[in-house]
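Novice: So here's work_22.pdb, just PDB, C-alpha atoms:
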ATOM      1  CA  MET Q   1      97.427  82.382 158.889
ATOM      2  CA  LYS Q   2      94.299  80.292 159.456
ATOM      3  CA  ILE Q   3      94.432  77.172 161.605
ATOM      4  CA  LEU Q   4      91.506  74.780 161.809
ATOM      5  CA  VAL Q   5      91.433  72.872 165.105
ATOM      6  CA  PHE Q   6      89.291  69.759 165.568
ATOM      7  CA  GLU Q   7      89.079  69.525 169.363
ATOM      8  CA  ASP Q   8      86.071  68.848 171.573
ATOM      9  CA  GLU Q   9      87.840  70.249 174.646
ATOM     10  CA  TYR Q  10      89.189  73.363 172.922
ATOM     11  CA  ASN Q  11      88.750  75.500 176.035
ATOM     12  CA  GLU Q  12      91.538  73.468 177.680
ATOM     13  CA  ILE Q  13      94.116  74.484 175.040
ATOM     14  CA  GLU Q  14      92.740  77.852 173.947
ATOM     15  CA  GLY Q  15      94.807  79.836 176.454
ATOM     16  CA  LEU Q  16      98.031  78.180 175.299
ATOM     17  CA  LEU Q  17      97.212  78.758 171.627
ATOM     18  CA  ASN Q  18      96.402  82.416 172.296
ATOM     19  CA  TYR Q  19      99.638  82.859 174.269
ATOM     20  CA  VAL Q  20     101.765  81.355 171.480
ATOM     21  CA  ASN Q  21      99.890  83.468 168.933
ATOM     22  CA  PHE Q  22     100.573  86.650 170.922
ATOM     23  CA  LYS Q  23     104.162  85.861 171.936
ATOM     24  CA  TYR Q  24     105.539  84.449 168.687
ATOM     25  CA  PHE Q  25     103.150  85.373 165.867
ATOM     26  CA  ASN Q  26     102.070  88.929 166.719
ATOM     27  CA  ASN Q  27      98.409  87.770 166.863
ATOM     28  CA  LYS Q  28      98.423  86.963 163.148
ATOM     29  CA  ILE Q  29      96.940  83.471 163.557
ATOM     30  CA  GLU Q  30      93.203  82.959 163.275
ATOM     31  CA  PHE Q  31      92.065  79.798 165.071
ATOM     32  CA  ILE Q  32      88.830  78.162 163.947
ATOM     33  CA  ASN Q  33      87.559  75.401 166.225
ATOM     34  CA  LEU Q  34      85.213  72.566 165.378
ATOM     35  CA  ALA Q  35      84.435  70.010 168.073
ATOM     36  CA  LYS Q  36      84.202  67.092 165.643
ATOM     37  CA  SER Q  37      85.517  66.415 162.172
ATOM     38  CA  GLN Q  38      81.962  65.477 161.175
ATOM     39  CA  ALA Q  39      81.050  69.161 161.650
ATOM     40  CA  ILE Q  40      82.788  70.119 158.422
ATOM     41  CA  SER Q  41      80.824  69.495 155.272
ATOM     42  CA  LEU Q  42      82.253  68.225 152.029
ATOM     43  CA  GLN Q  43      81.597  71.641 150.531
ATOM     44  CA  ASP Q  44      84.047  73.257 152.959
ATOM     45  CA  LYS Q  45      87.511  73.483 151.545
ATOM     46  CA  LEU Q  46      90.324  72.345 153.801
ATOM     47  CA  LYS Q  47      92.740  74.073 151.444
ATOM     48  CA  ASP Q  48      91.453  77.384 152.859
ATOM     49  CA  TYR Q  49      93.427  76.629 156.027
ATOM     50  CA  ASP Q  50      97.190  76.786 156.388
ATOM     51  CA  ILE Q  51      97.228  74.132 159.109
ATOM     52  CA  VAL Q  52      94.690  71.555 160.306
ATOM     53  CA  MET Q  53      95.108  70.215 163.850
ATOM     54  CA  ILE Q  54      93.225  67.042 164.741
ATOM     55  CA  ASP Q  55      92.528  65.834 168.279
ATOM     56  CA  THR Q  56      93.854  62.298 168.401
ATOM     57  CA  ASP Q  57      93.360  61.624 172.092
ATOM     58  CA  ILE Q  58      92.264  58.057 172.686
ATOM     59  CA  ASP Q  59      90.872  57.265 176.114
ATOM     60  CA  ILE Q  60      91.730  53.814 177.399
ATOM     61  CA  THR Q  61      89.989  52.237 180.367
ATOM     62  CA  VAL Q  62      91.927  49.613 182.317
ATOM     63  CA  ASN Q  63      90.355  47.503 185.054
ATOM     64  CA  GLY Q  64      87.259  49.704 185.254
ATOM     65  CA  GLY Q  65      89.238  52.917 185.840
ATOM     66  CA  SER Q  66      90.769  55.464 183.569
TER
END
Spell out the structure here as structure tokens.
Specialist:
Amino acid sequence: MKILVFEDEYNEIEGLLNYVNFKYFNNKIEFINLAKSQAISLQDKLKDYDIVMIDTDIDITVNGGS
């Protein structure tokens, strides 16, 4: 299984993904990380991946703080 992950802070979730892969999927998942969706060209085929995960974190600043 191939999973494409769009995540600019991939190192923060990589350990969890590797643990789940080992524990539940017998290390059969191949994770491919791209920091930004703009990094994939139109020639790349998303259909080559079984799952596409997209980072949807939106930072909101309130009163000058986060």
Novice: In Å, with one decimal, what is the gap from atom CA of Q:Met1 to atom CA of Q:Glu30?
Specialist: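 Separation of atom CA of Q:Met1 and atom CA of Q:Glu30: 6.1 Å.
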Novice: Once 8 Å is added on each side, what are the centre and the three edge lengths, in Å to one decimal, of the axis-aligned box enclosing the listed atoms of stretch 2-10 of chain Q? Present them as JSON.
Specialist:
{"center_x": 90.3, "center_y": 74.6, "center_z": 167.1, "size_x": 24.4, "size_y": 27.4, "size_z": 31.2}
Novice: Under the PyMOL selection byres ((chain Q and resi 12-19) around 12), which residues of this model are included? Write them out as a ChimeraX atom specification.
Specialist: /Q:3,5-11,20-33,53,55
Novice: Output stretch 19-30 of chain Q as a compact mmCIF listing (two decimals), in the coordinates of the input, making sure all heavy atoms are there.
Specialist:
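Output file selection-v9.txt is given in full below:
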# COMPACT_ATOMS: atom_id res chain seq x y z
N TYR Q 19 98.34 82.39 173.78
CA TYR Q 19 99.64 82.86 174.27
C TYR Q 19 100.70 82.73 173.18
O TYR Q 19 101.46 83.68 172.92
CB TYR Q 19 100.06 82.08 175.52
CG TYR Q 19 101.48 82.38 175.93
CD1 TYR Q 19 101.78 83.57 176.60
CD2 TYR Q 19 102.53 81.52 175.63
CE1 TYR Q 19 103.08 83.88 176.96
CE2 TYR Q 19 103.83 81.82 176.00
CZ TYR Q 19 104.10 83.00 176.66
OH TYR Q 19 105.39 83.30 177.01
N VAL Q 20 100.77 81.57 172.54
CA VAL Q 20 101.76 81.36 171.48
C VAL Q 20 101.52 82.32 170.33
O VAL Q 20 102.45 82.89 169.76
CB VAL Q 20 101.73 79.88 171.01
CG1 VAL Q 20 102.55 79.69 169.74
CG2 VAL Q 20 102.22 78.96 172.12
N ASN Q 21 100.25 82.53 169.99
CA ASN Q 21 99.89 83.47 168.93
C ASN Q 21 100.38 84.88 169.26
O ASN Q 21 100.98 85.55 168.43
CB ASN Q 21 98.37 83.46 168.73
CG ASN Q 21 97.92 84.22 167.51
OD1 ASN Q 21 98.70 84.51 166.61
ND2 ASN Q 21 96.66 84.55 167.48
N PHE Q 22 100.15 85.31 170.48
CA PHE Q 22 100.57 86.65 170.92
C PHE Q 22 102.10 86.76 170.99
O PHE Q 22 102.69 87.70 170.45
CB PHE Q 22 99.96 86.96 172.29
CG PHE Q 22 100.48 88.21 172.92
CD1 PHE Q 22 100.05 89.46 172.48
CD2 PHE Q 22 101.41 88.15 173.95
CE1 PHE Q 22 100.55 90.62 173.06
CE2 PHE Q 22 101.90 89.30 174.54
CZ PHE Q 22 101.47 90.54 174.09
N LYS Q 23 102.73 85.79 171.65
CA LYS Q 23 104.16 85.86 171.94
C LYS Q 23 105.03 85.71 170.68
O LYS Q 23 106.02 86.42 170.52
CB LYS Q 23 104.52 84.77 172.95
CG LYS Q 23 105.96 84.67 173.33
CD LYS Q 23 106.30 85.57 174.45
CE LYS Q 23 107.72 85.32 174.90
NZ LYS Q 23 108.24 86.34 175.73
N TYR Q 24 104.65 84.79 169.79
CA TYR Q 24 105.54 84.45 168.69
C TYR Q 24 105.01 84.84 167.30
O TYR Q 24 105.78 84.86 166.34
CB TYR Q 24 105.85 82.95 168.70
CG TYR Q 24 106.55 82.54 169.96
CD1 TYR Q 24 105.87 81.85 170.97
CD2 TYR Q 24 107.89 82.86 170.18
CE1 TYR Q 24 106.51 81.47 172.14
CE2 TYR Q 24 108.54 82.50 171.35
CZ TYR Q 24 107.84 81.80 172.33
OH TYR Q 24 108.48 81.45 173.49
N PHE Q 25 103.71 85.12 167.18
CA PHE Q 25 103.15 85.37 165.87
C PHE Q 25 102.45 86.73 165.75
O PHE Q 25 101.74 86.98 164.79
CB PHE Q 25 102.18 84.25 165.48
CG PHE Q 25 102.87 82.92 165.29
CD1 PHE Q 25 102.92 82.00 166.33
CD2 PHE Q 25 103.48 82.60 164.10
CE1 PHE Q 25 103.55 80.79 166.17
CE2 PHE Q 25 104.12 81.39 163.92
CZ PHE Q 25 104.16 80.47 164.98
N ASN Q 26 102.62 87.58 166.77
CA ASN Q 26 102.07 88.93 166.72
C ASN Q 26 100.56 88.94 166.44
O ASN Q 26 100.05 89.77 165.72
CB ASN Q 26 102.81 89.76 165.67
CG ASN Q 26 102.78 91.23 165.98
OD1 ASN Q 26 102.58 91.64 167.11
ND2 ASN Q 26 102.98 92.04 164.95
N ASN Q 27 99.87 87.94 167.01
CA ASN Q 27 98.41 87.77 166.86
C ASN Q 27 97.95 87.68 165.41
O ASN Q 27 96.86 88.11 165.07
CB ASN Q 27 97.66 88.89 167.58
CG ASN Q 27 97.64 88.68 169.08
OD1 ASN Q 27 97.54 87.55 169.55
ND2 ASN Q 27 97.75 89.75 169.82
N LYS Q 28 98.77 87.08 164.56
CA LYS Q 28 98.42 86.96 163.15
C LYS Q 28 97.74 85.64 162.81
O LYS Q 28 97.36 85.42 161.66
CB LYS Q 28 99.66 87.14 162.28
CG LYS Q 28 100.21 88.55 162.36
CD LYS Q 28 101.39 88.74 161.45
CE LYS Q 28 101.87 90.18 161.57
NZ LYS Q 28 103.04 90.44 160.75
N ILE Q 29 97.59 84.76 163.80
CA ILE Q 29 96.94 83.47 163.56
C ILE Q 29 95.46 83.58 163.90
O ILE Q 29 95.09 84.13 164.93
CB ILE Q 29 97.58 82.36 164.41
CG1 ILE Q 29 99.06 82.19 164.06
CG2 ILE Q 29 96.83 81.04 164.22
CD1 ILE Q 29 99.78 81.20 164.93
N GLU Q 30 94.63 83.05 163.02
CA GLU Q 30 93.20 82.96 163.28
C GLU Q 30 92.88 81.48 163.52
O GLU Q 30 93.09 80.64 162.64
CB GLU Q 30 92.41 83.46 162.07
CG GLU Q 30 90.93 83.33 162.23
CD GLU Q 30 90.16 83.73 160.98
OE1 GLU Q 30 90.79 84.15 159.99
OE2 GLU Q 30 88.94 83.59 160.99
